[in-house]
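Visitor: Once you've had a glance at the structure underneath, I'll fire off some questions.
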Amino acid sequence: MRQSRLFTKTRKEAPKDEVSKNAQLLIRAGFIHKEMAGVYSYLPLGRRVLENIERIVREEMDAIGGQEIRMATLHPSEPWKQTGAWDNVDVVFKIQSRTEKEYTVGQSEEEIVTPIAGEYATSYKDLPVAIYQIGQKYRDELRAKSGIMRGREFSMKDMYSFHETQEDFDRFYAEAKEAYLRVYSRLGLVAKATEASGGAFTKKLSYEFMVLTDAGEDDILYCDTCSYCTNVEVSTQNEGDECTRCNQGVLSRAKASEVGNIFDLGTKYAQDFNVTYKNKEGESVHPIMGCFGIGITRLMGVIVEALADEKGIVWPTTVAPFKVHLVGLLGDDTELREYADGVYASLKDKGIEVLFDDRDARPGEKFADSDLIGLPYRVVISKKTKEEGRFEVVERKTGVVTFLSEEELYSMVGGREYQG
RNA sequence: CGGGGCGUAGUAUACCGGUAGUACGUCUGGUUUGGGACCAGAUAGACCGAGUUCGAUUCUCGGCGCCCCGACCA
């Protein structure tokens with residue numbers, strides 16, 4: 001992508017109505033555009049980030065047997081009344097058409113997926129099954145806040161699994177938990193699985209996946225020795241207590257942001273929709289159901305919050321909209337410009353995603369924009385680097401500058417996965 | 001939903017009961033070119049409605065919108 005053709009531009013100042021770091025930086029860098037409180041559009045750079053997050057989530061869900069579908073987002077009100085959510089869940093949007101028929105838009109999809117699963121998973125031989133989608137969700141929040149971290153419209157991966165037994169559900173949960181931790185790790189985040197309350201429709205514990213960040217809405221206690229972690233809202237312990245799991249570590253308290261959760265839904269929805277399968281004995285049985293969520297847009301916000309520095313965003317290589325920011329300090333030197341065009345073309349030929357700052361702007365402005373946008377590697381091309389026959393490469397995360405040959409450059413930026 | 005704050009060019013801000021100034025951006029011309037450069041010129045603005053007033057962007061009321069704290073958070 002040539003930056004001179006990228007229709008978004010950077011800004012020096014954030015709009016005054018945005019306070020959160022994620023929204024300020026993402027707006028200043030041209031990743032998102034605010035439509036109203038809690039609703040954002042994703043511009044070319046932002047859309048590429050979302051796509052990268054989605055790809056990683058998709059790969060990990062597929063790896064544990066998830067099957068991707070795409071459910072409707074406009075829903076009839078009937079299934080929502082059938083489960084009680086229409087009256088009991090306050091964030092459900094209620095829409096009335098001109099014929100006075102009532103609809104809602106999906107804030108979660110149990111009401112849609114359960115009947116779909118029931119139509120096909122009719123035998124114990126069909127179980128277990130895990131169905132997921134990645135898509136827009138809508139919640140009538142009284143107060144949207146924190147930029148893209150808590151919106152009225154957002155993107156979420158929601159997976160629903162159906163099982164014969166609690167044991168099988170527990171097995172799948174353990175696999176899903178590992179898959180979730182792989183997702184966060186690949187996104188360059190450190191997440192902890194915590195115990196939390198079960199929400200509106202289950203008394204069982206749920207598990208939340210939390211990333212430590214001061215922008216978080218939750219307070220957690222975590223052990224400094226083992227992996228134990230709990231939400232303070234359900235914990236009977238306090239900061240400084242000895243960990244009750246390993247009896248060695250001490251609990252620390254921190255702010256964290258929820259980036260995923262799992263609920264054991266039991267047979268509630270299967271009962272509501274009278275969904276059953278036939279077991280070996282030929283009896284009709286309600287499947288045990290679980291739901292697994294990952295907030296895609298929230299993850300984008302959390303990554304910004306957790307990794308940005310005073311100069312701007314710092315994207316992990318796995319989610320960056322482009323791997324390389326090729327910054328040309330070219331002036332009106334035609335020969336130099338042709339040389340830079342050639343470097344841009346060969347990077348693209350190697351399959352490396354590159355944003356080429358070919359704009360007619362001064363160096364300081366280009367460097368500042370480059371820091372703000374936060375691509376993992378900045379490759380500077382100037383009269384100096386051309387004469388020396390090497391590329392000046394600056395790693396955004398560390399600021400480390402190296403001068404590399406063409407081959408060394410390709411080997412540094414060639415791989416896609418996060419290097420740590 | 002309770003409490004608080006704020007609505008002025010694209011963005012950030014200033015002043016004022018007598019129709020608005022600055023910076024950045026954008027456009028034109030010129031000089032520049034390794035950390036947001038300079039000169040000259042141009043462009044563009046009072047959220048909506050009602051009231052008070054000779055006159056309202058300014059004061060009052062209502063609406064709408066946005067932000068923050070809390071509550072809530074499938």
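All residue names refer to the structure tokens as shown: chains lettered A, B, ... in order, residues numbered from 1 in each chain, ligands numbered from 1 in order.
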Can you list, as a PyMOL selection string, every protein, DNA or RNA residue that comes within 12 Å of range 16-21 of chain A when you count only C-alpha atoms (C1' of nucleotides), leaving out same-chain residues fewer than 4 positions away?

Guide: (chain A and resi 25-29+33-34+36-38+144-150+213-216+301-313) or (chain B and resi 5-7+11-13+65-68)

Visitor: Using only C-alpha atoms (C1' of nucleotides), find the residues of chain A whose closest atom to chain B is at most 9 Å away, then write them as an MDAnalysis selection string.

Guide: chainID A and resid 11:19 36:37 89 91 107:108 141:143 145 199:201 329:331 361:369 382

Visitor: As JSON, numbers by chain, which residues of range 351-390 of chain A does DSSP assign to strand (DSSP E or B)?

Guide: {"A": [354, 355, 356, 357, 377, 378, 379, 380, 381, 382]}

Visitor: Which residues are near A42 in chain B? Cut-off 12 Å, only C-alpha atoms (C1' of nucleotides), ignore same chain within fewer than 6 positions. Put them as JSON, numbers by chain.

Guide: {"B": [26, 27, 28, 29]}

Visitor: Can you write just those residues out, all heavy atoms, as a compact mmCIF listing (two decimals), in the first residue's frame?

Guide:
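Saved as out_15.txt:
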```txt
# COMPACT_ATOMS: atom_id res chain seq x y z
P U B 26 -2.38 19.06 5.26
OP1 U B 26 -2.04 17.73 4.70
OP2 U B 26 -1.35 20.11 5.33
O5' U B 26 -3.62 19.65 4.46
C5' U B 26 -4.76 18.85 4.21
C4' U B 26 -5.82 19.67 3.52
O4' U B 26 -6.33 20.67 4.44
C3' U B 26 -5.32 20.48 2.33
O3' U B 26 -5.24 19.71 1.15
C2' U B 26 -6.37 21.58 2.25
O2' U B 26 -7.57 21.08 1.66
C1' U B 26 -6.64 21.85 3.73
N1 U B 26 -5.80 22.96 4.26
C2 U B 26 -6.23 24.25 4.02
O2 U B 26 -7.24 24.50 3.38
N3 U B 26 -5.43 25.24 4.54
C4 U B 26 -4.26 25.06 5.25
O4 U B 26 -3.65 26.04 5.66
C5 U B 26 -3.88 23.69 5.45
C6 U B 26 -4.64 22.72 4.96
P C B 27 -4.04 19.97 0.14
OP1 C B 27 -4.08 18.86 -0.83
OP2 C B 27 -2.80 20.27 0.87
O5' C B 27 -4.51 21.31 -0.59
C5' C B 27 -5.69 21.33 -1.38
C4' C B 27 -5.93 22.72 -1.90
O4' C B 27 -6.27 23.59 -0.78
C3' C B 27 -4.72 23.40 -2.51
O3' C B 27 -4.48 22.98 -3.85
C2' C B 27 -5.12 24.87 -2.41
O2' C B 27 -6.08 25.20 -3.40
C1' C B 27 -5.79 24.89 -1.05
N1 C B 27 -4.84 25.27 0.03
C2 C B 27 -4.55 26.63 0.19
O2 C B 27 -5.09 27.44 -0.57
N3 C B 27 -3.70 27.02 1.17
C4 C B 27 -3.14 26.11 1.97
N4 C B 27 -2.31 26.54 2.91
C5 C B 27 -3.41 24.71 1.82
C6 C B 27 -4.26 24.34 0.85
P U B 28 -2.98 22.99 -4.40
OP1 U B 28 -3.02 22.28 -5.69
OP2 U B 28 -2.05 22.53 -3.34
O5' U B 28 -2.72 24.53 -4.66
C5' U B 28 -3.52 25.27 -5.56
C4' U B 28 -2.99 26.68 -5.66
O4' U B 28 -3.32 27.41 -4.44
C3' U B 28 -1.48 26.81 -5.76
O3' U B 28 -1.00 26.58 -7.07
C2' U B 28 -1.26 28.24 -5.29
O2' U B 28 -1.59 29.17 -6.31
C1' U B 28 -2.29 28.35 -4.16
N1 U B 28 -1.69 28.03 -2.85
C2 U B 28 -1.04 29.06 -2.19
O2 U B 28 -0.94 30.18 -2.66
N3 U B 28 -0.51 28.72 -0.98
C4 U B 28 -0.55 27.48 -0.36
O4 U B 28 -0.02 27.33 0.73
C5 U B 28 -1.24 26.47 -1.11
C6 U B 28 -1.78 26.77 -2.31
P G B 29 0.45 25.90 -7.26
OP1 G B 29 0.57 25.61 -8.70
OP2 G B 29 0.64 24.82 -6.27
O5' G B 29 1.43 27.09 -6.88
C5' G B 29 1.50 28.24 -7.71
C4' G B 29 2.37 29.29 -7.07
O4' G B 29 1.77 29.73 -5.83
C3' G B 29 3.75 28.82 -6.63
O3' G B 29 4.67 28.70 -7.70
C2' G B 29 4.13 29.92 -5.65
O2' G B 29 4.52 31.10 -6.33
C1' G B 29 2.80 30.15 -4.93
N9 G B 29 2.74 29.35 -3.70
C8 G B 29 2.16 28.13 -3.50
N7 G B 29 2.31 27.69 -2.28
C5 G B 29 3.02 28.69 -1.63
C6 G B 29 3.48 28.79 -0.30
O6 G B 29 3.35 27.99 0.63
N1 G B 29 4.17 29.99 -0.07
C2 G B 29 4.38 30.95 -1.02
N2 G B 29 5.07 32.03 -0.63
N3 G B 29 3.96 30.88 -2.28
C4 G B 29 3.29 29.73 -2.50
```

Visitor: Using Å and a single decimal, report how far CA of Thr230 in chain A sits from CA of Phe292 in chain A.

Guide: 18.3 Å

Visitor: Apply DSSP to the structure's backbone, then extract all residues of range 261-400 of chain A labelled alpha helix (DSSP H) and return them as a PyMOL selection string.

Guide: chain A and resi 268-272+296-307+334-349+363-373+383-388

Visitor: Write out as a short mmCIF file (atom, residue, chain, number, x, y, z; two decimals) with N, CA, C and O atoms, in the first residue's frame the residues lying within 9 Å of range 346-359 of chain A, counting only C-alpha atoms (C1' of nucleotides) and excluding same-chain residues fewer than 4 positions away.

Guide:
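Output (out25.cif):
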```cif
data_model
loop_
_atom_site.label_atom_id
_atom_site.label_comp_id
_atom_site.auth_asym_id
_atom_site.auth_seq_id
_atom_site.Cartn_x
_atom_site.Cartn_y
_atom_site.Cartn_z
N MET A 1 0.84 -1.19 0.00
CA MET A 1 0.00 0.00 0.00
C MET A 1 0.88 1.25 0.00
O MET A 1 1.76 1.38 0.84
N ARG A 2 0.60 2.11 -0.93
CA ARG A 2 1.30 3.40 -0.95
C ARG A 2 0.58 4.37 -0.03
O ARG A 2 -0.63 4.60 -0.17
N GLN A 3 1.32 4.95 0.88
CA GLN A 3 0.68 5.83 1.86
C GLN A 3 0.11 7.08 1.20
O GLN A 3 -0.84 7.67 1.70
N SER A 4 0.68 7.46 0.07
CA SER A 4 0.14 8.63 -0.63
C SER A 4 -1.28 8.35 -1.14
O SER A 4 -2.03 9.28 -1.42
N ARG A 5 -1.61 7.05 -1.27
CA ARG A 5 -2.95 6.70 -1.76
C ARG A 5 -3.88 6.24 -0.63
O ARG A 5 -5.06 6.02 -0.87
N PRO A 321 -1.20 -4.16 10.82
CA PRO A 321 -1.86 -4.05 9.50
C PRO A 321 -0.88 -4.26 8.35
O PRO A 321 -1.27 -4.73 7.29
N PHE A 322 0.37 -3.90 8.57
CA PHE A 322 1.45 -4.21 7.64
C PHE A 322 2.66 -4.58 8.48
O PHE A 322 2.81 -4.12 9.60
N LYS A 323 3.51 -5.41 7.91
CA LYS A 323 4.69 -5.82 8.66
C LYS A 323 5.75 -4.74 8.66
O LYS A 323 6.43 -4.50 9.65
N VAL A 324 5.90 -4.08 7.50
CA VAL A 324 7.00 -3.14 7.31
C VAL A 324 6.46 -1.76 6.96
O VAL A 324 5.54 -1.63 6.16
N HIS A 325 7.02 -0.75 7.60
CA HIS A 325 6.76 0.62 7.18
C HIS A 325 7.99 1.09 6.41
O HIS A 325 9.04 1.37 7.01
N LEU A 326 7.87 1.13 5.12
CA LEU A 326 8.97 1.57 4.27
C LEU A 326 8.88 3.09 4.16
O LEU A 326 7.95 3.62 3.56
N VAL A 327 9.84 3.76 4.79
CA VAL A 327 9.79 5.22 4.84
C VAL A 327 10.83 5.79 3.89
O VAL A 327 12.04 5.60 4.08
N GLY A 328 10.35 6.47 2.89
CA GLY A 328 11.26 7.03 1.90
C GLY A 328 11.56 8.50 2.17
O GLY A 328 10.65 9.32 2.22
N LEU A 329 12.83 8.80 2.37
CA LEU A 329 13.26 10.19 2.47
C LEU A 329 13.86 10.53 1.11
O LEU A 329 15.06 10.40 0.89
N LEU A 330 13.01 10.94 0.19
CA LEU A 330 13.38 10.91 -1.22
C LEU A 330 13.57 12.28 -1.85
O LEU A 330 14.24 12.41 -2.86
N ARG A 337 14.01 7.89 -6.00
CA ARG A 337 12.60 7.50 -5.96
C ARG A 337 12.39 6.17 -6.72
O ARG A 337 11.67 5.29 -6.25
N ALA A 340 13.66 3.40 -4.55
CA ALA A 340 12.71 3.08 -3.48
C ALA A 340 11.51 2.30 -4.03
O ALA A 340 11.04 1.34 -3.41
N ASP A 341 11.04 2.70 -5.21
CA ASP A 341 9.95 1.96 -5.84
C ASP A 341 10.35 0.50 -6.04
O ASP A 341 9.55 -0.42 -5.86
N GLY A 342 11.61 0.28 -6.42
CA GLY A 342 12.10 -1.07 -6.64
C GLY A 342 12.13 -1.88 -5.35
O GLY A 342 11.76 -3.05 -5.32
N LYS A 366 7.21 12.16 8.82
CA LYS A 366 7.11 10.74 8.47
C LYS A 366 7.47 9.84 9.64
O LYS A 366 6.82 8.84 9.89
N SER A 370 5.05 7.31 11.55
CA SER A 370 5.45 5.91 11.60
C SER A 370 5.40 5.38 13.04
O SER A 370 4.90 4.28 13.30
N LEU A 375 3.82 0.11 13.08
CA LEU A 375 4.17 -1.14 12.40
C LEU A 375 5.47 -1.69 13.00
O LEU A 375 6.31 -0.92 13.47
N TYR A 410 15.19 -9.42 4.46
CA TYR A 410 14.12 -10.37 4.17
C TYR A 410 14.01 -11.43 5.26
O TYR A 410 12.92 -11.85 5.63
N VAL A 413 12.20 -9.80 8.38
CA VAL A 413 10.79 -9.45 8.32
C VAL A 413 9.95 -10.50 7.60
O VAL A 413 8.74 -10.35 7.48
N GLY A 414 10.59 -11.59 7.16
CA GLY A 414 9.87 -12.55 6.34
C GLY A 414 8.82 -13.35 7.06
O GLY A 414 7.74 -13.56 6.56
N GLY A 415 9.13 -13.82 8.29
CA GLY A 415 8.17 -14.69 8.98
C GLY A 415 7.01 -13.90 9.55
O GLY A 415 7.16 -12.74 9.92
N ARG A 416 5.86 -14.53 9.62
CA ARG A 416 4.68 -13.81 10.05
C ARG A 416 4.47 -13.88 11.56
O ARG A 416 4.01 -12.95 12.18
#
```

Visitor: Would you list the contacts of Arg390 in chain A as a list in words, taking every protein, DNA or RNA residue within 6 Å and counting only C-alpha atoms (C1' of nucleotides), but skipping same-chain residues closer than 2 positions in sequence?

Guide: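 In the requested form, the answer reads Thr385, Glu388, Phe403, Leu404 and Ser405 of chain A.
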
Visitor: Can you pull out every residue within 10 Å of Phe169 in chain A, counting only C-alpha atoms (C1' of nucleotides), but drop anything in the same chain fewer than 2 positions away, and send it as a list in words?

Guide: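 Here the qualifying residues turn out to be Pro128, Ser161, Phe162, His163, Glu164, Thr165, Gln166, Glu167, Arg171, Phe172, Tyr173, Ala174, Glu175, Asp264, Gly266, Pro287, Ile288, Met289 and Gly290 of chain A.
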
Visitor: Give me the residues within 10 Å of C59 in chain B as a PyMOL selection string, counting only C-alpha atoms (C1' of nucleotides) and dropping any in the same chain fewer than 4 places off.

Guide: chain B and resi 17+52-53

Visitor: Please produce a file of those selected residues containing N, CA, C and O atoms (P, O5', C5', C4', C3', O3' and C1' of nucleotides), as an mmCIF file, in the first residue's frame.

Guide:
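Saved to result-v3.cif:
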```cif
data_model
loop_
_atom_site.group_PDB
_atom_site.id
_atom_site.type_symbol
_atom_site.label_atom_id
_atom_site.label_comp_id
_atom_site.auth_asym_id
_atom_site.auth_seq_id
_atom_site.Cartn_x
_atom_site.Cartn_y
_atom_site.Cartn_z
ATOM 1 P P G B 17 -19.911 40.085 27.731
ATOM 2 O "O5'" G B 17 -20.986 39.615 26.659
ATOM 3 C "C5'" G B 17 -22.373 39.737 26.889
ATOM 4 C "C4'" G B 17 -23.057 40.016 25.567
ATOM 5 C "C3'" G B 17 -22.984 41.473 25.112
ATOM 6 O "O3'" G B 17 -22.991 41.529 23.689
ATOM 7 C "C1'" G B 17 -25.214 40.828 25.296
ATOM 8 P P U B 52 -40.441 36.577 25.199
ATOM 9 O "O5'" U B 52 -39.221 37.083 26.100
ATOM 10 C "C5'" U B 52 -39.352 37.160 27.514
ATOM 11 C "C4'" U B 52 -38.068 37.640 28.130
ATOM 12 C "C3'" U B 52 -37.502 38.921 27.511
ATOM 13 O "O3'" U B 52 -38.121 40.085 28.042
ATOM 14 C "C1'" U B 52 -35.786 37.310 27.725
ATOM 15 P P U B 53 -38.625 41.227 27.036
ATOM 16 O "O5'" U B 53 -37.274 41.788 26.430
ATOM 17 C "C5'" U B 53 -36.314 42.420 27.269
ATOM 18 C "C4'" U B 53 -35.063 42.678 26.494
ATOM 19 C "C3'" U B 53 -35.257 43.394 25.161
ATOM 20 O "O3'" U B 53 -35.399 44.804 25.332
ATOM 21 C "C1'" U B 53 -33.788 41.573 24.876
#
```

Visitor: Given the choices A:Val57, A:Leu127, A:Leu45, A:Leu74, which gets closest to Ser185 in chain A if the distance is worked out from only C-alpha atoms?

Guide: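 Checking each candidate against Ser185 in chain A, we get A:Val57 as the closest.
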
Visitor: Find the distance between C1' of U8 in chain B and C1' of G63 in chain B and write it in Å to one decimal.

Guide: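 Computing the Euclidean distance for C1' of U8 in chain B and C1' of G63 in chain B yields 19.7 Å.
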